[in-house]
>>> print(open('run-v4.cif').read())   # mmCIF, C-alpha atoms
data_start
#
loop_
_atom_site.label_atom_id
_atom_site.label_comp_id
_atom_site.auth_asym_id
_atom_site.auth_seq_id
_atom_site.Cartn_x
_atom_site.Cartn_y
_atom_site.Cartn_z
CA MET A 200 0.00 0.00 0.00
CA LYS A 201 2.80 2.33 0.92
CA LYS A 202 4.40 1.69 -2.43
CA ILE A 203 1.13 2.51 -4.19
CA PHE A 204 0.89 5.90 -2.43
CA SER A 205 4.51 6.67 -3.34
CA LEU A 206 3.81 5.80 -6.97
CA LEU A 207 0.70 8.02 -7.04
CA PHE A 208 2.69 10.89 -5.54
CA LEU A 209 5.35 10.59 -8.24
CA ILE A 210 2.71 10.50 -10.98
CA ILE A 211 1.02 13.65 -9.60
CA MET A 212 4.40 15.49 -9.41
CA CYS A 213 5.20 14.53 -12.99
CA ILE A 214 1.80 15.82 -14.18
CA LEU A 215 2.32 19.15 -12.34
CA LEU A 216 5.82 19.49 -13.82
CA LEU A 217 4.54 18.87 -17.35
CA CYS A 218 1.79 21.46 -16.91
CA SER A 219 4.32 23.98 -15.70
CA CYS A 220 6.59 23.41 -18.72
CA ASN A 221 3.69 23.76 -21.16
CA SER A 222 2.54 27.01 -19.59
CA GLU A 223 5.92 28.86 -20.04
CA PRO A 224 5.75 29.08 -23.84
CA ALA A 225 2.16 30.28 -23.59
CA GLU A 226 3.15 33.01 -21.17
CA ASN A 227 6.28 34.00 -23.12
CA SER A 228 4.49 34.03 -26.46
CA SER A 229 3.16 37.50 -25.63
CA SER A 230 6.73 38.84 -25.60
CA LEU A 231 7.45 37.85 -29.21
CA PRO A 232 5.88 40.95 -30.81
CA GLU A 233 7.91 43.05 -28.40
CA SER A 234 11.07 41.35 -29.67
CA GLU A 235 10.05 42.09 -33.28
CA ASN A 236 9.39 45.72 -32.36
CA SER A 237 12.88 45.93 -30.92
CA SER A 238 14.26 44.77 -34.26
CA GLU A 239 12.21 47.43 -36.09
CA SER A 240 13.42 50.04 -33.65
CA SER A 241 17.01 49.03 -34.27
CA SER A 242 16.46 49.30 -38.02
CA ALA A 243 14.77 52.71 -37.64
CA SER A 244 17.73 54.00 -35.66
CA SER A 245 19.69 54.22 -38.92
CA VAL A 246 17.28 56.94 -40.15
CA PRO A 247 18.63 60.51 -39.62
CA ARG A 248 17.17 62.07 -36.47
CA LEU A 249 16.26 65.63 -35.64
CA PRO A 250 18.35 67.38 -32.97
CA SER A 251 16.74 68.47 -29.71
CA ARG A 252 16.85 72.26 -29.92
CA PRO A 253 16.07 74.80 -27.19
CA ASP A 254 13.67 76.65 -29.46
CA ALA A 255 11.71 73.55 -30.49
CA GLU A 256 8.82 74.55 -28.24
CA SER A 257 8.53 77.87 -30.06
CA HIS A 258 7.10 76.05 -33.10
CA GLU A 259 3.40 75.58 -32.47
CA ASP A 260 3.18 72.96 -35.21
CA SER A 261 6.58 71.41 -34.49
CA PRO A 262 6.61 67.59 -34.74
CA TYR A 263 9.83 67.34 -32.73
CA SER A 264 8.38 65.24 -29.93
CA GLY A 265 7.18 62.43 -32.18
CA SER A 266 9.63 62.72 -35.06
CA ALA A 267 11.92 59.87 -36.06
CA PHE A 268 14.60 62.57 -36.55
CA LYS A 269 14.60 64.02 -33.05
CA ASP A 270 18.00 62.52 -32.08
CA ASP A 271 19.85 63.27 -35.33
CA PRO A 272 21.97 66.46 -35.10
CA THR A 273 22.25 66.63 -38.91
CA VAL A 274 18.52 67.14 -39.42
CA LYS A 275 16.67 70.38 -38.71
CA TYR A 276 12.93 71.00 -38.79
CA LEU A 277 12.03 73.92 -41.08
CA GLY A 278 8.25 74.08 -40.86
CA MET A 279 5.04 72.96 -42.50
CA ALA A 280 4.23 73.22 -46.20
CA ASP A 281 0.48 72.62 -46.20
CA GLU A 282 0.30 69.26 -44.37
CA ILE A 283 3.89 68.23 -45.14
CA GLU A 284 6.64 68.43 -42.50
CA VAL A 285 9.75 69.94 -44.11
CA TYR A 286 13.28 69.24 -42.87
CA GLN A 287 16.81 69.96 -44.02
CA LYS A 288 19.53 67.35 -43.63
CA ALA A 289 23.18 68.43 -43.54
CA VAL A 290 25.64 66.24 -45.42
CA GLU A 291 29.38 66.80 -45.14
CA THR A 292 30.88 66.19 -48.60
CA GLY A 293 34.56 66.45 -47.68
CA GLU A 294 34.94 68.98 -50.52
CA THR A 295 35.09 72.79 -50.61
CA ARG A 296 33.08 75.53 -52.27
CA LEU A 297 33.45 79.26 -52.96
CA ASP A 298 32.32 81.80 -50.37
CA ILE A 299 32.46 85.60 -50.31
CA VAL A 300 34.74 87.61 -48.01
CA TYR A 301 33.61 91.21 -47.56
CA GLY A 302 36.23 93.90 -47.81
CA LYS A 303 36.39 96.68 -45.22
CA ASP A 304 37.23 100.36 -45.57
CA GLY A 305 37.15 100.44 -49.34
CA VAL A 306 38.90 97.13 -49.95
CA PHE A 307 37.37 94.97 -52.66
CA ASN A 308 35.57 91.76 -51.76
CA THR A 309 37.40 88.51 -52.34
CA THR A 310 36.52 84.80 -52.36
CA THR A 311 37.67 81.92 -50.21
CA GLU A 312 37.17 78.15 -49.99
CA VAL A 313 34.96 76.76 -47.21
CA PRO A 314 33.68 73.23 -46.45
CA ALA A 315 30.97 72.28 -48.94
CA THR A 316 28.23 71.20 -46.56
CA GLU A 317 25.12 70.27 -48.55
CA TYR A 318 21.58 70.65 -47.24
CA ARG A 319 18.94 68.26 -48.60
CA ILE A 320 15.23 68.96 -48.27
CA ILE A 321 13.31 65.94 -46.97
CA ASP A 322 9.95 65.05 -45.46
CA SER A 323 9.26 63.24 -42.17
CA GLU A 324 9.98 59.87 -43.83
CA GLY A 325 13.36 60.99 -45.17
CA ASN A 326 12.14 61.29 -48.78
CA LEU A 327 13.65 64.04 -50.95
CA LEU A 328 11.27 66.94 -51.58
CA ILE A 329 13.70 68.72 -53.95
CA GLU A 330 16.07 66.75 -56.16
CA HIS A 331 19.22 68.85 -55.78
CA PRO A 332 20.88 69.95 -52.52
CA PHE A 333 21.56 73.53 -51.37
CA TYR A 334 24.64 75.23 -49.95
CA ASP A 335 22.43 77.82 -48.26
CA LEU A 336 18.66 78.31 -48.13
CA ARG A 337 15.70 80.01 -46.51
CA PHE A 338 12.29 78.42 -45.89
CA TRP A 339 9.07 80.35 -45.32
CA LYS A 340 5.58 79.23 -44.44
CA GLY A 341 2.52 80.10 -46.50
CA ASN A 342 0.81 83.41 -45.67
CA GLU A 343 4.03 84.77 -44.17
CA LEU A 344 4.40 88.54 -44.57
CA PHE A 345 7.61 89.89 -46.11
CA GLU A 346 8.62 93.45 -46.93
CA SER A 347 7.80 92.73 -50.56
CA GLY A 348 4.32 91.40 -49.73
CA LEU A 349 2.41 88.37 -48.53
CA TYR A 350 3.65 84.93 -49.59
CA THR A 351 0.51 82.84 -49.96
CA HIS A 352 2.45 79.61 -50.53
CA SER A 353 5.26 78.05 -48.54
CA GLY A 354 8.57 78.18 -50.34
CA ILE A 355 12.35 77.86 -50.36
CA ARG A 356 14.99 80.00 -51.93
CA GLY A 357 18.68 79.24 -51.93
CA CYS A 358 21.82 78.52 -53.89
CA TYR A 359 23.92 75.60 -55.06
CA GLU A 360 27.20 75.76 -57.02
CA GLY A 361 26.56 79.43 -57.79
CA ASP A 362 23.04 78.86 -59.16
CA TYR A 363 20.07 80.57 -57.48
CA TYR A 364 16.69 78.84 -56.99
CA VAL A 365 13.23 79.86 -55.79
CA TYR A 366 10.64 77.14 -55.10
CA SER A 367 6.95 77.43 -54.22
CA PHE A 368 4.95 74.60 -52.64
CA LEU A 369 2.16 74.07 -55.17
CA ASP A 370 -0.23 71.12 -55.54
CA GLY A 371 1.53 69.07 -52.88
CA LYS A 372 5.14 69.53 -54.02
CA PHE A 373 7.90 72.12 -54.42
CA GLU A 374 7.82 73.68 -57.89
CA LEU A 375 10.75 75.71 -59.31
CA VAL A 376 9.43 79.22 -60.05
CA GLU A 377 12.71 81.16 -60.50
CA PHE A 378 16.18 80.08 -61.56
CA TYR A 379 19.35 82.08 -62.22
CA GLU A 380 22.33 80.19 -63.52
CA ALA A 381 25.86 81.02 -62.41
CA GLY A 382 28.15 82.39 -65.06
CA VAL A 383 27.41 84.59 -68.05
CA ILE A 384 24.50 87.00 -67.86
CA GLU A 385 24.60 89.44 -70.78
CA PRO A 386 26.87 91.77 -72.78
CA VAL A 387 27.33 95.25 -71.35
CA GLU A 388 25.22 97.94 -73.00
CA ASN A 389 27.18 99.69 -75.79
CA HIS A 390 30.25 97.55 -74.97
CA PRO A 391 29.61 94.02 -76.35
CA GLU A 392 33.29 93.19 -75.91
CA TYR A 393 32.53 92.84 -72.18
CA ILE A 394 30.24 90.22 -70.66
CA ARG A 395 28.66 90.45 -67.20
CA THR A 396 28.83 87.42 -64.91
CA ARG A 397 27.10 86.42 -61.68
CA TYR A 398 27.53 83.95 -58.80
CA SER A 399 25.32 83.22 -55.78
CA TYR A 400 27.39 82.42 -52.68
CA SER A 401 24.41 82.18 -50.32
CA GLU A 402 20.67 82.76 -50.20
CA ARG A 403 21.19 86.52 -49.88
CA GLU A 404 24.55 86.98 -51.58
CA THR A 405 24.52 87.14 -55.37
CA HIS A 406 27.50 89.06 -56.74
CA TYR A 407 28.63 90.21 -60.17
CA GLY A 408 31.81 90.22 -62.23
CA LEU A 409 33.06 90.84 -65.73
CA ASN A 410 34.62 88.77 -68.54
CA ASP A 411 35.83 89.71 -71.98
CA LYS A 412 34.05 88.29 -75.01
CA ASP A 413 36.55 85.39 -75.16
CA GLY A 414 35.68 84.29 -71.63
CA ASN A 415 38.76 85.66 -69.89
CA VAL A 416 38.00 86.90 -66.38
CA ILE A 417 38.59 90.62 -65.87
CA PHE A 418 36.83 90.93 -62.51
CA GLU A 419 35.72 87.96 -60.40
CA PRO A 420 32.00 88.03 -59.42
CA VAL A 421 32.53 89.69 -56.02
CA PHE A 422 30.73 93.02 -56.53
CA SER A 423 27.34 93.88 -55.08
CA TYR A 424 25.98 95.39 -58.28
CA TYR A 425 26.41 95.04 -62.03
CA ILE A 426 29.70 96.49 -63.27
CA ASN A 427 29.00 99.44 -65.54
CA ILE A 428 31.34 100.64 -68.29
CA PRO A 429 30.85 104.32 -69.15
CA PHE A 430 33.93 104.28 -71.41
CA GLU A 431 35.87 101.44 -73.01
CA ASP A 432 38.71 101.77 -70.48
CA ARG A 433 36.74 102.84 -67.39
CA PHE A 434 34.73 100.72 -64.96
CA LEU A 435 32.26 101.54 -62.19
CA LEU A 436 32.21 98.93 -59.40
CA SER A 437 30.72 98.67 -55.92
CA VAL A 438 33.19 98.69 -53.03
CA ASN A 439 32.15 97.57 -49.55
CA ASN A 440 33.27 99.94 -46.84
CA VAL A 441 32.06 97.88 -43.90
CA ASP A 442 31.54 94.18 -43.31
CA LYS A 443 27.92 94.14 -44.49
CA MET A 444 26.00 91.61 -46.57
CA ASP A 445 23.62 94.28 -47.82
CA GLY A 446 24.85 95.49 -51.20
CA ARG A 447 23.51 98.96 -50.47
CA GLU A 448 26.21 99.35 -47.82
CA SER A 449 28.83 100.15 -50.42
CA PHE A 450 30.52 102.89 -52.41
CA CYS A 451 31.05 103.27 -56.13
CA ALA A 452 34.64 103.10 -57.38
CA LEU A 453 35.89 104.45 -60.71
CA MET A 454 38.72 102.28 -62.07
CA ASP A 455 40.88 102.29 -65.18
CA ALA A 456 41.85 99.34 -67.40
CA ASN A 457 44.83 98.56 -65.15
CA LYS A 458 42.47 98.30 -62.14
CA ASN A 459 43.75 101.49 -60.54
CA VAL A 460 41.13 103.18 -58.36
CA LEU A 461 40.69 106.73 -59.67
CA ALA A 462 37.86 107.91 -57.39
CA VAL A 463 35.40 106.61 -54.80
CA TYR A 464 32.03 108.21 -53.96
CA THR A 465 28.61 107.09 -52.83
CA ALA A 466 27.53 107.21 -56.47
CA ILE A 467 29.14 108.10 -59.79
CA TYR A 468 27.29 108.80 -63.02
CA PHE A 469 28.54 109.49 -66.54
CA ARG A 470 26.41 110.56 -69.49
CA VAL A 471 28.05 110.31 -72.92
CA PHE A 472 26.51 112.45 -75.67
CA ASP A 473 26.20 111.60 -79.35
CA ASP A 474 29.29 113.61 -80.30
CA GLY A 475 31.45 111.79 -77.75
CA THR A 476 31.50 114.58 -75.18
CA TYR A 477 30.34 113.64 -71.70
CA ILE A 478 29.46 114.89 -68.24
CA GLY A 479 30.40 113.19 -65.00
CA ILE A 480 28.58 113.63 -61.67
CA ALA A 481 29.75 112.26 -58.32
CA TRP A 482 27.81 112.29 -55.04
CA TYR A 483 28.89 111.67 -51.47
CA SER A 484 26.08 111.12 -48.97
CA GLY A 485 28.22 111.38 -45.84
CA CYS A 486 26.67 108.41 -44.04
CA GLY A 487 26.85 108.35 -40.25
CA GLU A 488 29.85 107.24 -38.24
CA LYS A 489 28.04 104.18 -36.89
CA TRP A 490 28.18 102.69 -40.39
CA GLY A 491 31.87 103.52 -40.85
CA HIS A 492 31.00 105.28 -44.10
CA TYR A 493 33.47 108.11 -44.26
CA LEU A 494 35.39 109.08 -47.37
CA TYR A 495 38.50 111.23 -47.45
CA ASP A 496 40.04 113.35 -50.18
CA GLU A 497 43.59 113.03 -51.49
CA ASN A 498 44.83 115.29 -48.68
CA GLY A 499 43.33 113.06 -45.98
CA GLU A 500 40.57 115.54 -45.23
CA LEU A 501 37.01 114.34 -44.69
CA LEU A 502 35.21 114.52 -48.02
CA GLU A 503 32.56 117.20 -48.20
CA GLU A 504 28.99 115.97 -48.53
CA GLY A 505 27.19 116.80 -51.75
CA TYR A 506 27.67 116.74 -55.52
CA ARG A 507 30.55 117.67 -57.77
CA PHE A 508 31.28 117.37 -61.49
CA ILE A 509 34.20 115.08 -62.36
CA ASP A 510 36.04 113.87 -65.46
CA LYS A 511 36.67 110.26 -66.43
CA ASP A 512 39.98 110.28 -64.55
CA GLY A 513 38.18 111.08 -61.30
CA ASN A 514 39.37 114.70 -61.12
CA GLU A 515 36.91 117.12 -59.46
CA LEU A 516 36.03 119.90 -61.87
CA SER A 517 33.66 121.95 -59.71
CA PRO A 518 33.23 122.96 -56.08
CA CYS A 519 31.01 120.70 -53.98
CA PHE A 520 27.36 121.78 -54.10
CA ASN A 521 23.85 120.74 -53.12
CA SER A 522 21.13 120.75 -55.73
CA ASP A 523 17.44 119.94 -55.66
CA LEU A 524 17.76 119.33 -59.40
CA LEU A 525 19.89 116.27 -58.78
CA LEU A 526 17.76 114.71 -56.06
CA TYR A 527 15.56 113.07 -58.68
CA GLY A 528 18.31 111.40 -60.66
CA GLU A 529 21.28 112.37 -62.76
CA TYR A 530 19.66 111.29 -66.01
CA GLU A 531 16.72 113.67 -65.55
CA TYR A 532 19.12 116.45 -64.62
CA VAL A 533 21.09 116.05 -67.85
CA GLU A 534 17.91 115.91 -69.92
CA LYS A 535 16.09 118.87 -68.36
CA HIS A 536 18.25 121.03 -66.12
CA LEU A 537 21.71 121.17 -67.65
CA ASP A 538 21.51 124.95 -68.19
CA GLU A 539 19.98 125.91 -64.84
CA ILE A 540 22.06 127.94 -62.39
CA ILE A 541 23.76 126.14 -59.50
CA THR A 542 25.25 128.08 -56.60
CA ALA A 543 28.12 126.99 -54.36
CA ALA A 544 30.70 128.53 -52.05
CA ASP A 545 34.43 128.43 -52.69
CA GLU A 546 37.03 127.75 -49.98
CA ASN A 547 36.93 131.44 -48.99
CA GLY A 548 33.15 131.50 -48.63
CA ASN A 549 32.52 133.41 -51.85
CA THR A 550 29.38 132.51 -53.79
CA LEU A 551 29.93 130.92 -57.15
CA GLU A 552 27.40 130.36 -59.94
CA PHE A 553 27.72 127.83 -62.74
CA THR A 554 25.73 125.32 -64.80
CA GLY A 555 26.29 121.69 -65.61
CA ARG A 556 27.01 122.60 -69.21
CA ASP A 557 30.15 124.39 -68.03
CA PHE A 558 31.64 121.03 -67.10
CA ILE A 559 30.95 118.99 -70.22
CA CYS A 560 34.22 117.26 -71.13
CA GLU A 561 35.79 116.45 -74.47
CA PRO A 562 36.24 112.78 -75.40
#
>>> encode(input="run-v4.cif", output="structure tokens")
Amino acid sequence: MKKIFSLLFLIIMCILLLCSCNSEPAENSSSLPESENSSESSSASSVPRLPSRPDAESHEDSPYSGSAFKDDPTVKYLGMADEIEVYQKAVETGETRLDIVYGKDGVFNTTTEVPATEYRIIDSEGNLLIEHPFYDLRFWKGNELFESGLYTHSGIRGCYEGDYYVYSFLDGKFELVEFYEAGVIEPVENHPEYIRTRYSYSERETHYGLNDKDGNVIFEPVFSYYINIPFEDRFLLSVNNVDKMDGRESFCALMDANKNVLAVYTAIYFRVFDDGTYIGIAWYSGCGEKWGHYLYDENGELLEEGYRFIDKDGNELSPCFNSDLLLYGEYEYVEKHLDEIITAADENGNTLEFTGRDFICEP
């Protein structure tokens, strides 16, 4: 009998042990999807992630908190284009590109080589929204107000390899609406032997240069405005006086064919008449000290504010004067007011009277 009870006890223990073994797979089976999710998470970790930025909370529609990019320092959230999240991803190419270096105190701008970081425009899944990359760009949301007016569509403008692009987000995608290619623009008016050039170094920095008709570079594209050629051997170029990106913060330099600076003023204008004679007008605005915009004459004295007539070698032909006739543009003055009396004071305070016609120069 005792043996029977022992046998029954062993059978019961075996049954309980078998039940316990069978229940473990059933309990652990619920963890299998979790293991698969871990694999997916590991795979997703290879997707670029968005950096955590202090100003992330300032974006009301920012998807930072739930984005797959939130841990990737190479990806930056730009904003929403309709219902599309727009990001830029930085890619280090290991190469270099041209950048502008602004001259100070009348020194010409130059170029330099900087790392060619490319920025690619992607959506929240990492898909390209624009085929080519940018070196520099600006994104704006639809209905954003600019100085030039209201932008009803989201858009991007920027540059790449000297080319300049403007995109608008239309019908669910970015459409190219403006494009300016780096390189040749157009021949110079009345001087087809010279060709204007352009190059965009950043979203706000398009600069201009000059080639001859055979493609030889005369001036690199580092000037804020088009280079004008009033005479075959004279050039008018913008010269930055302070370290400013705004092209308006510059002076106008008169140079000869050997690139000697003959004169520098706020603005210089030449009008050549049909018989080859011409008149030259130079203006100095005397901008405030906070801008660093002071010009000095050949004696080191502060240049007097106002107008003066000059020749094509930069020589001043008249005393400095102020004139309401010239406030509306030099061209209108030459057309309508060339014979009207201008008054000025000489160095001794004596009043002088003259007209623009008195300072017309021979070829």
>>> closest_atom_pairs(input="run-v4.cif", of="stretch 358-436 of chain A", to="stretch 502-523 of chain A", cutoff="10 Å", atoms="only C-alpha atoms", output="tab-separated table")
residue	atom	partner	partner_atom	distance
A:Pro429	CA	A:Lys511	CA	8.7
A:Phe430	CA	A:Lys511	CA	8.3
A:Asp432	CA	A:Lys511	CA	9.6
A:Arg433	CA	A:Lys511	CA	7.5
A:Phe434	CA	A:Lys511	CA	9.8
>>> atom_distance(input="run-v4.cif", atom1="atom CA of A:Ile417", atom2="atom CA of A:Asn389")
17.6 Å
>>> resolve_selection(input="run-v4.cif", expression="the PyMOL selection byres ((chain A and resi 335) around 12)", output="PyMOL selection string")
chain A and resi 287-289+296+298+315-320+332-334+336-338+355-364+399-405
>>> residues_near_point(input="run-v4.cif", point="(37.2, 88.8, -69.7)", cutoff="12 Å", atoms="only C-alpha atoms", output="MDAnalysis selection string")
chainID A and resid 383 386:387 391:396 408:420 456
>>> atom_distance(input="run-v4.cif", atom1="atom CA of A:Gly382", atom2="atom CA of A:Tyr301")
20.3 Å
>>> atom_distance(input="run-v4.cif", atom1="atom CA of A:Leu327", atom2="atom CA of A:Gly341")
20.0 Å
>>> closest_residue(input="run-v4.cif", among="A:Tyr483, A:Phe422, A:Tyr398, A:Trp339", to="A:Asp496", atoms="only C-alpha atoms")
A:Tyr483
>>> resolve_selection(input="run-v4.cif", expression="the PyMOL selection byres ((chain A and resi 541) around 6)", output="NGL selection string")
:A and (540 or 542 or 552-554)
>>> resolve_selection(input="run-v4.cif", expression="the PyMOL selection byres ((chain A and resi 466) around 8)", output="list in words")
Phe450, Cys451, Tyr464, Thr465, Ile467, Tyr468, Ala481, Trp482 and Tyr483 of chain A
>>> write_last_selection(input="run-v4.cif", atoms="C-alpha atoms", output="PDB file, keeping the file's coordinate frame")
ATOM      1  CA  PHE A 450      30.520 102.890 -52.410  1.00  0.00           C
ATOM      2  CA  CYS A 451      31.050 103.270 -56.130  1.00  0.00           C
ATOM      3  CA  TYR A 464      32.030 108.210 -53.960  1.00  0.00           C
ATOM      4  CA  THR A 465      28.610 107.090 -52.830  1.00  0.00           C
ATOM      5  CA  ILE A 467      29.140 108.100 -59.790  1.00  0.00           C
ATOM      6  CA  TYR A 468      27.290 108.800 -63.020  1.00  0.00           C
ATOM      7  CA  ALA A 481      29.750 112.260 -58.320  1.00  0.00           C
ATOM      8  CA  TRP A 482      27.810 112.290 -55.040  1.00  0.00           C
ATOM      9  CA  TYR A 483      28.890 111.670 -51.470  1.00  0.00           C
TER      10      TYR A 483
END
>>> closest_residue(input="run-v4.cif", among="A:Tyr366, A:Tyr407, A:Phe469, A:Tyr477", to="A:Thr309", atoms="all atoms listed in the file")
A:Tyr407
>>> residues_around(input="run-v4.cif", residues="stretch 474-476 of chain A", least_positions_apart="5", cutoff="7 Å", atoms="all atoms listed in the file", output="PyMOL selection string")
chain A and resi 559-562
>>> closest_residue(input="run-v4.cif", among="A:Asn427, A:Ser484, A:Thr292, A:Asn547", to="A:Val313", atoms="all atoms listed in the file")
A:Thr292
>>> build_atoms(input="run-v4.cif", residues="stretch 533-557 of chain A", atoms="N, CA and C atoms", output="PDB file, keeping the file's coordinate frame")
ATOM      1  N   VAL A 533      20.430 115.805 -66.575  1.00  0.00           N
ATOM      2  CA  VAL A 533      21.090 116.050 -67.850  1.00  0.00           C
ATOM      3  C   VAL A 533      20.069 116.360 -68.946  1.00  0.00           C
ATOM      4  N   GLU A 534      18.917 115.710 -68.890  1.00  0.00           N
ATOM      5  CA  GLU A 534      17.910 115.910 -69.920  1.00  0.00           C
ATOM      6  C   GLU A 534      17.191 117.246 -69.797  1.00  0.00           C
ATOM      7  N   LYS A 535      16.990 117.729 -68.552  1.00  0.00           N
ATOM      8  CA  LYS A 535      16.090 118.870 -68.360  1.00  0.00           C
ATOM      9  C   LYS A 535      16.715 120.100 -67.708  1.00  0.00           C
ATOM     10  N   HIS A 536      17.799 119.917 -66.972  1.00  0.00           N
ATOM     11  CA  HIS A 536      18.250 121.030 -66.120  1.00  0.00           C
ATOM     12  C   HIS A 536      19.711 121.395 -66.338  1.00  0.00           C
ATOM     13  N   LEU A 537      20.289 120.981 -67.436  1.00  0.00           N
ATOM     14  CA  LEU A 537      21.710 121.170 -67.650  1.00  0.00           C
ATOM     15  C   LEU A 537      22.115 122.637 -67.696  1.00  0.00           C
ATOM     16  N   ASP A 538      21.189 123.528 -68.063  1.00  0.00           N
ATOM     17  CA  ASP A 538      21.510 124.950 -68.190  1.00  0.00           C
ATOM     18  C   ASP A 538      21.012 125.779 -67.007  1.00  0.00           C
ATOM     19  N   GLU A 539      20.480 125.150 -65.984  1.00  0.00           N
ATOM     20  CA  GLU A 539      19.980 125.910 -64.840  1.00  0.00           C
ATOM     21  C   GLU A 539      21.119 126.237 -63.876  1.00  0.00           C
ATOM     22  N   ILE A 540      21.002 127.415 -63.240  1.00  0.00           N
ATOM     23  CA  ILE A 540      22.060 127.940 -62.390  1.00  0.00           C
ATOM     24  C   ILE A 540      22.194 127.135 -61.101  1.00  0.00           C
ATOM     25  N   ILE A 541      23.423 126.786 -60.766  1.00  0.00           N
ATOM     26  CA  ILE A 541      23.760 126.140 -59.500  1.00  0.00           C
ATOM     27  C   ILE A 541      24.647 127.104 -58.719  1.00  0.00           C
ATOM     28  N   THR A 542      24.409 127.228 -57.432  1.00  0.00           N
ATOM     29  CA  THR A 542      25.250 128.080 -56.600  1.00  0.00           C
ATOM     30  C   THR A 542      26.051 127.225 -55.605  1.00  0.00           C
ATOM     31  N   ALA A 543      27.256 127.680 -55.320  1.00  0.00           N
ATOM     32  CA  ALA A 543      28.120 126.990 -54.360  1.00  0.00           C
ATOM     33  C   ALA A 543      29.073 128.023 -53.765  1.00  0.00           C
ATOM     34  N   ALA A 544      29.733 127.643 -52.688  1.00  0.00           N
ATOM     35  CA  ALA A 544      30.700 128.530 -52.050  1.00  0.00           C
ATOM     36  C   ALA A 544      32.097 127.978 -52.266  1.00  0.00           C
ATOM     37  N   ASP A 545      33.039 128.872 -52.553  1.00  0.00           N
ATOM     38  CA  ASP A 545      34.430 128.430 -52.690  1.00  0.00           C
ATOM     39  C   ASP A 545      35.061 128.311 -51.310  1.00  0.00           C
ATOM     40  N   GLU A 546      36.356 127.986 -51.263  1.00  0.00           N
ATOM     41  CA  GLU A 546      37.030 127.750 -49.980  1.00  0.00           C
ATOM     42  C   GLU A 546      37.109 129.004 -49.117  1.00  0.00           C
ATOM     43  N   ASN A 547      36.902 130.177 -49.741  1.00  0.00           N
ATOM     44  CA  ASN A 547      36.930 131.440 -48.990  1.00  0.00           C
ATOM     45  C   ASN A 547      35.526 131.927 -48.625  1.00  0.00           C
ATOM     46  N   GLY A 548      34.516 131.121 -48.962  1.00  0.00           N
ATOM     47  CA  GLY A 548      33.150 131.500 -48.630  1.00  0.00           C
ATOM     48  C   GLY A 548      32.463 132.356 -49.669  1.00  0.00           C
ATOM     49  N   ASN A 549      33.121 132.613 -50.784  1.00  0.00           N
ATOM     50  CA  ASN A 549      32.520 133.410 -51.850  1.00  0.00           C
ATOM     51  C   ASN A 549      31.517 132.579 -52.641  1.00  0.00           C
ATOM     52  N   THR A 550      30.418 133.209 -53.026  1.00  0.00           N
ATOM     53  CA  THR A 550      29.380 132.510 -53.790  1.00  0.00           C
ATOM     54  C   THR A 550      29.775 132.393 -55.245  1.00  0.00           C
ATOM     55  N   LEU A 551      29.641 131.185 -55.755  1.00  0.00           N
ATOM     56  CA  LEU A 551      29.930 130.920 -57.150  1.00  0.00           C
ATOM     57  C   LEU A 551      28.658 130.472 -57.857  1.00  0.00           C
ATOM     58  N   GLU A 552      28.533 130.802 -59.124  1.00  0.00           N
ATOM     59  CA  GLU A 552      27.400 130.360 -59.940  1.00  0.00           C
ATOM     60  C   GLU A 552      27.923 129.667 -61.190  1.00  0.00           C
ATOM     61  N   PHE A 553      27.304 128.563 -61.545  1.00  0.00           N
ATOM     62  CA  PHE A 553      27.720 127.830 -62.740  1.00  0.00           C
ATOM     63  C   PHE A 553      26.573 126.922 -63.166  1.00  0.00           C
ATOM     64  N   THR A 554      26.690 126.304 -64.310  1.00  0.00           N
ATOM     65  CA  THR A 554      25.730 125.320 -64.800  1.00  0.00           C
ATOM     66  C   THR A 554      26.462 124.019 -65.098  1.00  0.00           C
ATOM     67  N   GLY A 555      25.686 122.961 -65.259  1.00  0.00           N
ATOM     68  CA  GLY A 555      26.290 121.690 -65.610  1.00  0.00           C
ATOM     69  C   GLY A 555      26.981 121.728 -66.947  1.00  0.00           C
ATOM     70  N   ARG A 556      26.437 122.538 -67.869  1.00  0.00           N
ATOM     71  CA  ARG A 556      27.010 122.600 -69.210  1.00  0.00           C
ATOM     72  C   ARG A 556      28.448 123.116 -69.177  1.00  0.00           C
ATOM     73  N   ASP A 557      28.783 123.873 -68.144  1.00  0.00           N
ATOM     74  CA  ASP A 557      30.150 124.390 -68.030  1.00  0.00           C
ATOM     75  C   ASP A 557      31.177 123.287 -67.822  1.00  0.00           C
TER      76      ASP A 557
END
